[in-house]
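Colleague: Sharing protein06.csv, CSV, C-alpha atoms:
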```csv
chain,number,residue,atom,x,y,z
A,1,MET,CA,88.0,86.7,97.6
A,2,THR,CA,89.0,84.0,100.0
A,3,ASN,CA,88.4,82.5,103.4
A,4,ASP,CA,92.0,81.4,103.7
A,5,GLY,CA,93.6,84.2,105.7
A,6,GLU,CA,97.1,82.6,105.8
A,7,LEU,CA,97.2,82.1,102.0
A,8,ALA,CA,96.0,85.7,101.4
A,9,TYR,CA,98.7,87.0,103.8
A,10,ARG,CA,101.4,85.0,102.2
A,11,LEU,CA,100.3,86.0,98.6
A,12,MET,CA,100.5,89.7,99.5
A,13,HIS,CA,103.4,90.0,101.9
A,14,PRO,CA,106.8,90.8,100.2
A,15,ARG,CA,108.7,88.3,102.5
A,16,PHE,CA,107.2,85.5,100.4
A,17,TYR,CA,108.3,86.7,97.0
A,18,VAL,CA,105.1,86.0,95.2
A,19,PRO,CA,105.3,88.0,91.9
A,20,LYS,CA,102.5,90.4,91.0
A,21,VAL,CA,102.1,91.2,87.3
A,22,TYR,CA,100.7,94.5,86.1
A,23,ARG,CA,99.9,96.3,82.8
A,24,VAL,CA,100.5,100.0,83.3
A,25,TRP,CA,99.7,102.9,81.0
A,26,VAL,CA,101.8,106.0,81.7
A,27,SER,CA,102.0,109.5,80.3
A,28,GLY,CA,104.8,110.0,77.8
A,29,GLN,CA,107.4,107.5,76.6
A,30,PRO,CA,110.0,106.4,79.1
A,31,SER,CA,113.6,106.3,77.9
A,32,ALA,CA,115.9,103.3,78.3
A,33,GLU,CA,117.5,105.1,81.3
A,34,THR,CA,114.1,105.6,83.0
A,35,ILE,CA,113.3,101.9,82.5
A,36,ALA,CA,116.7,101.0,84.0
A,37,ARG,CA,115.9,103.3,87.0
A,38,LEU,CA,112.6,101.5,87.6
A,39,ARG,CA,114.2,98.1,87.2
A,40,ALA,CA,116.9,99.0,89.8
A,41,GLY,CA,114.4,100.4,92.3
A,42,VAL,CA,113.6,104.0,93.1
A,43,VAL,CA,113.2,105.8,96.4
A,44,ILE,CA,109.6,106.4,97.4
A,45,GLU,CA,108.5,107.7,100.8
A,46,GLY,CA,112.1,107.6,102.0
A,47,ARG,CA,112.7,104.0,101.2
A,48,ALA,CA,114.1,102.3,98.1
A,49,THR,CA,111.8,99.9,96.3
A,50,ALA,CA,112.9,96.4,95.5
A,51,PRO,CA,114.1,95.9,91.9
A,52,ALA,CA,111.2,95.3,89.5
A,53,ARG,CA,111.0,93.7,86.1
A,54,VAL,CA,109.8,96.4,83.8
A,55,HIS,CA,109.4,96.2,80.0
A,56,LEU,CA,108.2,98.8,77.6
A,57,LYS,CA,105.4,97.2,75.6
A,58,GLY,CA,104.9,100.1,73.1
A,59,GLY,CA,103.4,103.5,72.9
A,60,THR,CA,103.6,107.0,71.5
A,61,ALA,CA,105.1,110.2,72.7
A,62,LEU,CA,101.8,110.8,74.6
A,63,ARG,CA,101.1,107.4,76.2
A,64,SER,CA,103.1,104.2,76.8
A,65,LYS,CA,102.2,100.7,78.0
A,66,LEU,CA,104.6,99.0,80.4
A,67,SER,CA,104.7,95.5,82.0
A,68,PHE,CA,105.7,95.5,85.7
A,69,VAL,CA,106.5,92.5,87.8
A,70,ILE,CA,107.0,93.3,91.5
A,71,HIS,CA,106.9,91.2,94.7
A,72,GLU,CA,106.7,94.0,97.3
A,73,GLY,CA,103.2,95.5,96.7
A,74,ARG,CA,103.6,98.6,98.9
A,75,LYS,CA,100.6,100.9,98.9
A,76,ARG,CA,100.4,102.7,95.5
A,77,GLU,CA,104.0,101.5,94.8
A,78,ILE,CA,103.8,101.4,91.0
A,79,ARG,CA,102.0,104.8,90.8
A,80,LEU,CA,104.6,106.4,93.1
A,81,MET,CA,107.5,104.8,91.2
A,82,CYS,CA,106.3,106.1,87.9
A,83,ALA,CA,105.6,109.5,89.3
A,84,VAL,CA,109.2,109.7,90.7
A,85,VAL,CA,110.6,109.1,87.2
A,86,GLY,CA,108.3,111.6,85.6
A,87,HIS,CA,105.7,109.4,83.9
A,88,PRO,CA,102.4,109.5,85.9
A,89,VAL,CA,100.2,106.4,85.7
A,90,GLN,CA,97.0,106.8,83.6
A,91,ARG,CA,95.8,103.2,84.1
A,92,LEU,CA,96.9,100.2,86.0
A,93,VAL,CA,95.6,96.7,86.0
A,94,ARG,CA,96.9,93.7,87.9
A,95,VAL,CA,96.9,90.8,85.4
A,96,GLY,CA,98.7,88.1,87.4
A,97,LEU,CA,99.4,86.9,90.9
A,98,GLY,CA,102.0,84.1,91.3
A,99,PRO,CA,101.1,81.3,88.9
A,100,LEU,CA,97.7,82.7,88.1
A,101,HIS,CA,97.0,85.1,85.2
A,102,LEU,CA,93.8,87.0,84.4
A,103,GLY,CA,93.5,85.8,80.9
A,104,ASP,CA,90.2,86.6,79.2
A,105,LEU,CA,88.1,87.1,82.4
A,106,PRO,CA,85.9,90.1,81.8
A,107,GLU,CA,86.3,93.3,83.8
A,108,GLY,CA,84.4,93.0,87.1
A,109,ALA,CA,83.8,89.2,86.8
A,110,CYS,CA,85.0,86.5,89.1
A,111,ARG,CA,85.2,82.7,89.1
A,112,ARG,CA,86.1,79.9,91.4
A,113,LEU,CA,89.6,78.5,91.3
A,114,SER,CA,90.2,74.9,90.5
A,115,PRO,CA,91.8,72.7,93.1
A,116,ALA,CA,94.9,72.6,91.0
A,117,GLU,CA,95.1,76.5,90.9
A,118,VAL,CA,94.7,76.6,94.7
A,119,HIS,CA,97.5,74.1,95.0
A,120,GLU,CA,99.7,76.2,92.7
A,121,LEU,CA,99.0,79.3,94.8
A,122,LYS,CA,99.8,77.5,98.0
A,123,THR,CA,103.0,76.2,96.6
A,124,ALA,CA,104.0,79.7,95.4
A,125,ALA,CA,103.2,81.1,98.8
A,126,GLY,CA,105.3,78.4,100.6
A,127,LEU,CA,102.4,76.7,102.3
A,128,ILE,CA,103.1,73.3,100.8
A,129,SER,CA,106.2,71.3,101.8
A,130,GLY,CA,107.3,73.8,104.4
A,131,CYS,CA,109.8,75.5,102.2
A,132,LYS,CA,110.1,79.3,102.5
A,133,PRO,CA,110.0,80.8,99.0
A,134,SER,CA,112.9,82.9,97.8
A,135,PRO,CA,113.3,85.4,95.0
A,136,HIS,CA,115.3,82.7,93.1
A,137,GLY,CA,112.4,80.2,93.2
A,138,VAL,CA,112.8,76.4,93.1
A,139,LYS,CA,115.6,74.5,91.4
A,140,LYS,CA,115.3,70.9,90.2
A,141,SER,CA,117.2,68.2,92.2
A,142,ALA,CA,119.4,65.6,90.6
A,143,ARG,CA,116.7,63.0,91.5
A,144,PRO,CA,113.8,62.7,89.1
A,145,GLY,CA,110.6,64.4,90.6
A,146,GLY,CA,112.6,66.1,93.3
A,147,GLU,CA,113.0,69.8,93.8
A,148,ARG,CA,115.2,71.7,96.2
A,149,CYS,CA,114.2,74.9,97.8
A,150,VAL,CA,116.8,77.5,97.1
A,151,ALA,CA,116.2,79.3,100.4
A,152,LYS,CA,116.8,76.3,102.7
A,153,GLY,CA,118.0,73.4,100.5
A,154,GLN,CA,115.0,71.3,101.6
A,155,PRO,CA,113.5,68.7,99.3
A,156,ARG,CA,110.2,69.6,97.7
A,157,GLY,CA,107.8,67.6,95.6
A,158,PRO,CA,107.2,63.8,95.2
A,159,ALA,CA,110.7,62.8,96.2
A,160,ALA,CA,110.5,64.8,99.5
A,161,SER,CA,107.5,62.9,100.7
A,162,LYS,CA,109.0,59.5,99.9
A,163,ASN,CA,112.2,60.3,101.8
A,164,LYS,CA,110.5,61.8,104.8
A,165,GLY,CA,111.6,60.2,108.0
A,166,ARG,CA,114.9,58.8,106.6
```
Would you kindly transcribe this structure into structure tokens?

Modeller:
Amino acid sequence: MTNDGELAYRLMHPRFYVPKVYRVWVSGQPSAETIARLRAGVVIEGRATAPARVHLKGGTALRSKLSFVIHEGRKREIRLMCAVVGHPVQRLVRVGLGPLHLGDLPEGACRRLSPAEVHELKTAAGLISGCKPSPHGVKKSARPGGERCVAKGQPRGPAASKNKGR
């Protein structure tokens, strides 16, 4: 829950490449080829999904646990992807959004974010330093404390504010 509409929009919209992490329990045990299909992206509702990071975390012939990392977040995307490859979802839980992870927060509970966590979310969403996020993230600059945005090559971090206006 938030009162920051711009942050919420940027966290959810695929254009900003904020990763969403899910634990997914599916029927059956997906083969290596099926996992590869999910990683490459599958066609749902007439459009291919963006590639996903998918890992088999274990299971039996009846039920398997997968880890999914996506950035698109289309409606029911993971459920539809799994159905297309023949492994319907039994249970799905989002466990992370950008730099935040659910951890040991009980089901149905909530808590306030610390100022540092809000700052991390805003950085992940590209609201801090004016750099548009990219799927490749941020690379370190040659200067200590400086980072470069992969998308635009603009400085980010402490070095960026020192050199502003030069």

Colleague: Can you tell me how far atom CA of Thr123 of chain A sits from atom CA of Leu97 of chain A, in Å to one decimal?

Modeller: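 One can read the atom CA of Thr123 of chain A to atom CA of Leu97 of chain A distance as 12.6 Å.
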
Colleague: Excluding Ala36 of chain A and its own-chain neighbours fewer than 6 positions away, which residues fall within 12 Å of it when counting all atoms listed in the file? Please give them as a ChimeraX atom specification.

Modeller: /A:30,42,51-56,85

Colleague: Excluding segment 99-106 of chain A and its own-chain neighbours fewer than 2 positions away, which residues fall within 12 Å of it when counting all atoms listed in the file? Please give them as number ranges by chain.

Modeller: A: 11, 18-23, 93-97, 108-114, 116-125

Colleague: Please dump the current selection as a PDB file, keeping the file's coordinate frame; keep C-alpha atoms.

Modeller:
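Produced file again29.pdb, reproduced below:
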```pdb
ATOM      1  CA  LEU A  11     100.300  86.000  98.600  1.00  0.00           C
ATOM      2  CA  VAL A  18     105.100  86.000  95.200  1.00  0.00           C
ATOM      3  CA  PRO A  19     105.300  88.000  91.900  1.00  0.00           C
ATOM      4  CA  LYS A  20     102.500  90.400  91.000  1.00  0.00           C
ATOM      5  CA  VAL A  21     102.100  91.200  87.300  1.00  0.00           C
ATOM      6  CA  TYR A  22     100.700  94.500  86.100  1.00  0.00           C
ATOM      7  CA  ARG A  23      99.900  96.300  82.800  1.00  0.00           C
ATOM      8  CA  VAL A  93      95.600  96.700  86.000  1.00  0.00           C
ATOM      9  CA  ARG A  94      96.900  93.700  87.900  1.00  0.00           C
ATOM     10  CA  VAL A  95      96.900  90.800  85.400  1.00  0.00           C
ATOM     11  CA  GLY A  96      98.700  88.100  87.400  1.00  0.00           C
ATOM     12  CA  LEU A  97      99.400  86.900  90.900  1.00  0.00           C
ATOM     13  CA  GLY A 108      84.400  93.000  87.100  1.00  0.00           C
ATOM     14  CA  ALA A 109      83.800  89.200  86.800  1.00  0.00           C
ATOM     15  CA  CYS A 110      85.000  86.500  89.100  1.00  0.00           C
ATOM     16  CA  ARG A 111      85.200  82.700  89.100  1.00  0.00           C
ATOM     17  CA  ARG A 112      86.100  79.900  91.400  1.00  0.00           C
ATOM     18  CA  LEU A 113      89.600  78.500  91.300  1.00  0.00           C
ATOM     19  CA  SER A 114      90.200  74.900  90.500  1.00  0.00           C
ATOM     20  CA  ALA A 116      94.900  72.600  91.000  1.00  0.00           C
ATOM     21  CA  GLU A 117      95.100  76.500  90.900  1.00  0.00           C
ATOM     22  CA  VAL A 118      94.700  76.600  94.700  1.00  0.00           C
ATOM     23  CA  HIS A 119      97.500  74.100  95.000  1.00  0.00           C
ATOM     24  CA  GLU A 120      99.700  76.200  92.700  1.00  0.00           C
ATOM     25  CA  LEU A 121      99.000  79.300  94.800  1.00  0.00           C
ATOM     26  CA  LYS A 122      99.800  77.500  98.000  1.00  0.00           C
ATOM     27  CA  THR A 123     103.000  76.200  96.600  1.00  0.00           C
ATOM     28  CA  ALA A 124     104.000  79.700  95.400  1.00  0.00           C
ATOM     29  CA  ALA A 125     103.200  81.100  98.800  1.00  0.00           C
TER      30      ALA A 125
END
```

Colleague: Which distance in Å separates atom CA of Val43 of chain A and atom CA of Ser64 of chain A, to one decimal?

Modeller: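 If I compute the distance from atom CA of Val43 of chain A to atom CA of Ser64 of chain A, I get 22.1 Å.
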
Colleague: Report the distance between atom CA of Met1 of chain A and atom CA of Trp25 of chain A in Å, rounded to one decimal place.

Modeller: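 Taking atom CA of Met1 of chain A as the start and atom CA of Trp25 of chain A as the end point, the length is 26.0 Å.
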
Colleague: So, with all atoms listed in the file as the atoms that count, which of A:Arg37, A:Arg47, A:His13, A:His87 lies closest to Lys65 of chain A?

Modeller: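 Looking at the shortest contact to Lys65 of chain A, the residue is A:His87.
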
Colleague: I'd like to know which of A:Glu77, A:Glu107, A:Glu72, A:Glu33 is closest to Arg15 of chain A, using only C-alpha atoms.

Modeller: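 Answer, going by the shortest atom-to-atom distance: A:Glu72.
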
Colleague: Show me, as number ranges by chain, the residues that have an atom within 10 Å of Ala83 of chain A when counting only C-alpha atoms, minus same-chain residues fewer than 5 positions from it.

Modeller: A: 26-27, 44, 77-78, 88-89

Colleague: Could you save the residues just selected, with C-alpha atoms, as a compact mmCIF listing (two decimals), keeping the file's coordinate frame?

Modeller:
```
# COMPACT_ATOMS: atom_id res chain seq x y z
CA VAL A 26 101.80 106.00 81.70
CA SER A 27 102.00 109.50 80.30
CA ILE A 44 109.60 106.40 97.40
CA GLU A 77 104.00 101.50 94.80
CA ILE A 78 103.80 101.40 91.00
CA PRO A 88 102.40 109.50 85.90
CA VAL A 89 100.20 106.40 85.70
```

Colleague: Point out the residue among A:Thr60, A:Asn3, A:Thr49, A:Ser129 with the least atom-to-atom distance to Cys82 of chain A, counting all atoms listed in the file.

Modeller: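 Closest to Cys82 of chain A of all the choices is A:Thr49.
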